[in-house]
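> The structure that follows is given in the form of structure tokens.
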Amino acid sequence: MKKVRNKFPRSLSLKSRKDIGDLFSNPEFKLNLYPFLFLAKRIEGDVQGNRYLFSVSKRNFKKAVQRNRIKRMLREKFRLEFISRIQEQHASVHSSWNLAIVYIGREETQSPELSKSVNKCFNEFAKRTF
């Protein structure tokens, strides 16, 4: 029997330095809803599907354990609630995006608060891009 893995798919991660630099230097969409900074840029070429980057400021969280915990919570919330919704919406438009979700808060938040904030960001993104 094959083991089912409920993880954030590695194929959806944004890893290219060039793409990350381009996304941060001139994004098409920028939204600052505390505690998140949300950046998006349309992908040109044959790339299929959206790619995501999760980041936490080292200035606010000195220990890697804290940063990794927040990123893990973000990826999990995102995987459970938003991936299928965004993929469906963007499939109808035939466009792919590089998306960066940067946590700029000064303290760790609990999961329900995190979910509400992420939900606000994605609803605003959906309004402005469709």
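For the structure tokens, the naming scheme is as follows: chains receive sequential letters (A, B, ...) according to their order of presentation, residues are indexed from 1 within each chain, and ligands are indexed from 1 in presentation order.
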Mind running range 1-64 of chain A against range 107-115 of chain A at 9 Å and telling me each contacting residue's nearest atom pair with the distance in Å (one decimal), counting only C-alpha atoms, chain and number ascending, as CSV?


```
residue,atom,partner,partner_atom,distance
A:Pro35,CA,A:Leu114,CA,8.6
A:Asn60,CA,A:Glu107,CA,7.6
A:Phe61,CA,A:Glu107,CA,8.0
```

> Write to file, as an mmCIF file, in the first residue's frame, the residues of the selection just made, with C-alpha atoms.


```
data_model
loop_
_atom_site.group_PDB
_atom_site.id
_atom_site.type_symbol
_atom_site.label_atom_id
_atom_site.label_comp_id
_atom_site.auth_asym_id
_atom_site.auth_seq_id
_atom_site.Cartn_x
_atom_site.Cartn_y
_atom_site.Cartn_z
ATOM 1 C CA PRO A 35 1.626 40.938 9.673
ATOM 2 C CA ASN A 60 12.418 40.133 14.133
ATOM 3 C CA PHE A 61 13.189 36.470 14.883
#
```

> Can you tell me, as a list of chain:residue names, which residues in range 14-123 of chain A count as strand (DSSP E) by DSSP?

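Answer for range 14-123 of chain A restricted to strand (DSSP E) is A:Phe29, A:Lys30, A:Leu31, A:Asn32, A:Leu33, A:Phe36, A:Leu37, A:Phe38, A:Leu39, A:Ala40, A:Lys41, A:Arg42, A:Arg51, A:Tyr52, A:Leu53, A:Phe54, A:Ser55, A:Val56, A:Trp97, A:Asn98, A:Leu99, A:Ala100, A:Ile101, A:Val102, A:Tyr103.
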
> Find the spatial neighbours of Arg72 in chain A, counting only C-alpha atoms, within a cut-off of 12 Å - ignore same-chain residues fewer than 6 positions away - and output them as JSON, numbers by chain.

{"A": [7, 8, 53, 54, 55, 56, 64, 65, 66, 78, 79, 103, 111, 114]}

> Keeping N, CA, C and O atoms for every residue in the selection just given, could you write it to a file as a PDB file, in the first residue's frame?


```
ATOM      1  N   LYS A   7       2.090  16.896   2.411  1.00  0.00           N
ATOM      2  CA  LYS A   7       3.095  17.939   2.577  1.00  0.00           C
ATOM      3  C   LYS A   7       2.886  19.000   1.515  1.00  0.00           C
ATOM      4  O   LYS A   7       2.223  18.773   0.518  1.00  0.00           O
ATOM      5  N   PHE A   8       3.489  20.138   1.740  1.00  0.00           N
ATOM      6  CA  PHE A   8       3.499  21.173   0.720  1.00  0.00           C
ATOM      7  C   PHE A   8       4.369  20.667  -0.427  1.00  0.00           C
ATOM      8  O   PHE A   8       5.535  20.336  -0.217  1.00  0.00           O
ATOM      9  N   LEU A  53       6.769  31.396  -2.282  1.00  0.00           N
ATOM     10  CA  LEU A  53       7.916  31.609  -1.405  1.00  0.00           C
ATOM     11  C   LEU A  53       7.381  32.093  -0.061  1.00  0.00           C
ATOM     12  O   LEU A  53       6.557  33.008  -0.016  1.00  0.00           O
ATOM     13  N   PHE A  54       7.825  31.473   1.000  1.00  0.00           N
ATOM     14  CA  PHE A  54       7.455  31.883   2.358  1.00  0.00           C
ATOM     15  C   PHE A  54       8.715  32.357   3.047  1.00  0.00           C
ATOM     16  O   PHE A  54       9.734  31.669   3.026  1.00  0.00           O
ATOM     17  N   SER A  55       8.645  33.536   3.662  1.00  0.00           N
ATOM     18  CA  SER A  55       9.826  34.104   4.288  1.00  0.00           C
ATOM     19  C   SER A  55       9.446  34.767   5.612  1.00  0.00           C
ATOM     20  O   SER A  55       8.351  35.302   5.761  1.00  0.00           O
ATOM     21  N   VAL A  56      10.393  34.738   6.556  1.00  0.00           N
ATOM     22  CA  VAL A  56      10.210  35.377   7.857  1.00  0.00           C
ATOM     23  C   VAL A  56      11.452  36.217   8.119  1.00  0.00           C
ATOM     24  O   VAL A  56      12.576  35.756   7.915  1.00  0.00           O
ATOM     25  N   ALA A  64      16.611  30.561  14.303  1.00  0.00           N
ATOM     26  CA  ALA A  64      16.085  29.852  13.135  1.00  0.00           C
ATOM     27  C   ALA A  64      14.896  28.971  13.518  1.00  0.00           C
ATOM     28  O   ALA A  64      13.986  28.773  12.702  1.00  0.00           O
ATOM     29  N   VAL A  65      14.879  28.476  14.733  1.00  0.00           N
ATOM     30  CA  VAL A  65      13.779  27.633  15.190  1.00  0.00           C
ATOM     31  C   VAL A  65      12.462  28.396  15.121  1.00  0.00           C
ATOM     32  O   VAL A  65      11.441  27.879  14.666  1.00  0.00           O
ATOM     33  N   GLN A  66      12.485  29.657  15.532  1.00  0.00           N
ATOM     34  CA  GLN A  66      11.280  30.483  15.493  1.00  0.00           C
ATOM     35  C   GLN A  66      10.849  30.760  14.056  1.00  0.00           C
ATOM     36  O   GLN A  66       9.668  30.658  13.719  1.00  0.00           O
ATOM     37  N   PHE A  78      -1.573  27.336   4.150  1.00  0.00           N
ATOM     38  CA  PHE A  78      -1.661  27.581   2.714  1.00  0.00           C
ATOM     39  C   PHE A  78      -2.025  26.305   1.967  1.00  0.00           C
ATOM     40  O   PHE A  78      -2.906  26.301   1.112  1.00  0.00           O
ATOM     41  N   ARG A  79      -1.377  25.202   2.308  1.00  0.00           N
ATOM     42  CA  ARG A  79      -1.641  23.925   1.636  1.00  0.00           C
ATOM     43  C   ARG A  79      -3.090  23.488   1.857  1.00  0.00           C
ATOM     44  O   ARG A  79      -3.764  23.038   0.937  1.00  0.00           O
ATOM     45  N   TYR A 103       6.410  37.214   6.269  1.00  0.00           N
ATOM     46  CA  TYR A 103       5.869  37.500   7.600  1.00  0.00           C
ATOM     47  C   TYR A 103       6.716  38.606   8.209  1.00  0.00           C
ATOM     48  O   TYR A 103       7.908  38.432   8.445  1.00  0.00           O
ATOM     49  N   SER A 111      -2.306  30.004  15.328  1.00  0.00           N
ATOM     50  CA  SER A 111      -2.798  29.495  14.056  1.00  0.00           C
ATOM     51  C   SER A 111      -4.097  30.157  13.564  1.00  0.00           C
ATOM     52  O   SER A 111      -4.192  30.512  12.399  1.00  0.00           O
ATOM     53  N   LEU A 114      -3.345  33.645  12.263  1.00  0.00           N
ATOM     54  CA  LEU A 114      -2.553  33.519  11.043  1.00  0.00           C
ATOM     55  C   LEU A 114      -3.462  33.209   9.862  1.00  0.00           C
ATOM     56  O   LEU A 114      -3.321  33.788   8.788  1.00  0.00           O
TER      57      LEU A 114
END
```

> Would you return as a tab-separated table (two decimals) with C-alpha atoms, in the first residue's frame the members of chain A that DSSP assigns to alpha helix (DSSP H) on this structure's backbone?


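To be explicit, this is the file written out as result-v5.tsv:
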```tsv
chain	number	residue	atom	x	y	z
A	17	ARG	CA	17.55	33.35	-7.20
A	18	LYS	CA	16.82	35.20	-10.43
A	19	ASP	CA	13.05	34.80	-10.05
A	20	ILE	CA	13.13	35.77	-6.37
A	21	GLY	CA	15.23	38.86	-7.10
A	22	ASP	CA	12.92	39.86	-9.93
A	23	LEU	CA	9.86	39.35	-7.73
A	24	PHE	CA	11.23	41.57	-4.94
A	25	SER	CA	12.70	44.26	-7.22
A	64	ALA	CA	16.09	29.85	13.14
A	65	VAL	CA	13.78	27.63	15.19
A	66	GLN	CA	11.28	30.48	15.49
A	67	ARG	CA	11.49	31.42	11.81
A	68	ASN	CA	11.09	27.82	10.69
A	69	ARG	CA	8.09	27.29	12.94
A	70	ILE	CA	6.28	30.29	11.46
A	71	LYS	CA	7.12	29.19	7.89
A	72	ARG	CA	5.90	25.68	8.66
A	73	MET	CA	2.59	27.02	9.99
A	74	LEU	CA	2.21	29.28	6.94
A	75	ARG	CA	2.90	26.46	4.47
A	76	GLU	CA	0.45	24.19	6.22
A	77	LYS	CA	-2.36	26.78	6.32
A	78	PHE	CA	-1.66	27.58	2.71
A	79	ARG	CA	-1.64	23.92	1.64
A	80	LEU	CA	-4.91	23.17	3.40
A	81	GLU	CA	-6.89	26.23	2.40
A	83	ILE	CA	-3.63	25.94	-3.15
A	84	SER	CA	-6.64	24.31	-4.79
A	85	ARG	CA	-8.62	27.57	-4.77
A	86	ILE	CA	-5.86	29.61	-6.41
A	87	GLN	CA	-4.97	26.89	-8.94
A	88	GLU	CA	-8.63	26.73	-10.07
A	89	GLN	CA	-8.93	30.51	-10.42
A	90	HIS	CA	-5.69	30.90	-12.34
A	91	ALA	CA	-6.34	27.91	-14.60
A	92	SER	CA	-9.35	29.72	-16.03
A	93	VAL	CA	-7.23	32.82	-16.75
A	111	SER	CA	-2.80	29.50	14.06
A	112	PRO	CA	-6.36	30.99	13.90
A	113	GLU	CA	-5.03	34.56	13.71
A	114	LEU	CA	-2.55	33.52	11.04
A	115	SER	CA	-5.32	31.92	9.02
A	116	LYS	CA	-7.47	35.07	9.11
A	117	SER	CA	-4.59	37.28	7.99
A	118	VAL	CA	-3.58	34.98	5.14
A	119	ASN	CA	-7.22	34.73	4.06
A	120	LYS	CA	-7.47	38.55	3.83
A	121	CYS	CA	-4.34	38.69	1.67
A	122	PHE	CA	-5.56	36.06	-0.79
A	123	ASN	CA	-9.05	37.54	-1.06
A	124	GLU	CA	-7.51	40.91	-1.92
A	125	PHE	CA	-5.17	39.26	-4.44
A	126	ALA	CA	-8.10	37.46	-6.08
A	127	LYS	CA	-10.10	40.72	-6.32
A	128	ARG	CA	-7.28	42.63	-7.98
A	129	THR	CA	-6.04	39.99	-10.41
```

> For CA of Ser57 in chain A and CA of Ile43 in chain A, quote the distance in Å rounded to one decimal.

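We find that CA of Ser57 in chain A and CA of Ile43 in chain A lie 25.0 Å from each other.
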
> Would you work out the distance separating CA of Tyr34 in chain A from CA of Ile104 in chain A, expressed in Å to one decimal?

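Going from CA of Tyr34 in chain A over to CA of Ile104 in chain A covers 7.2 Å.
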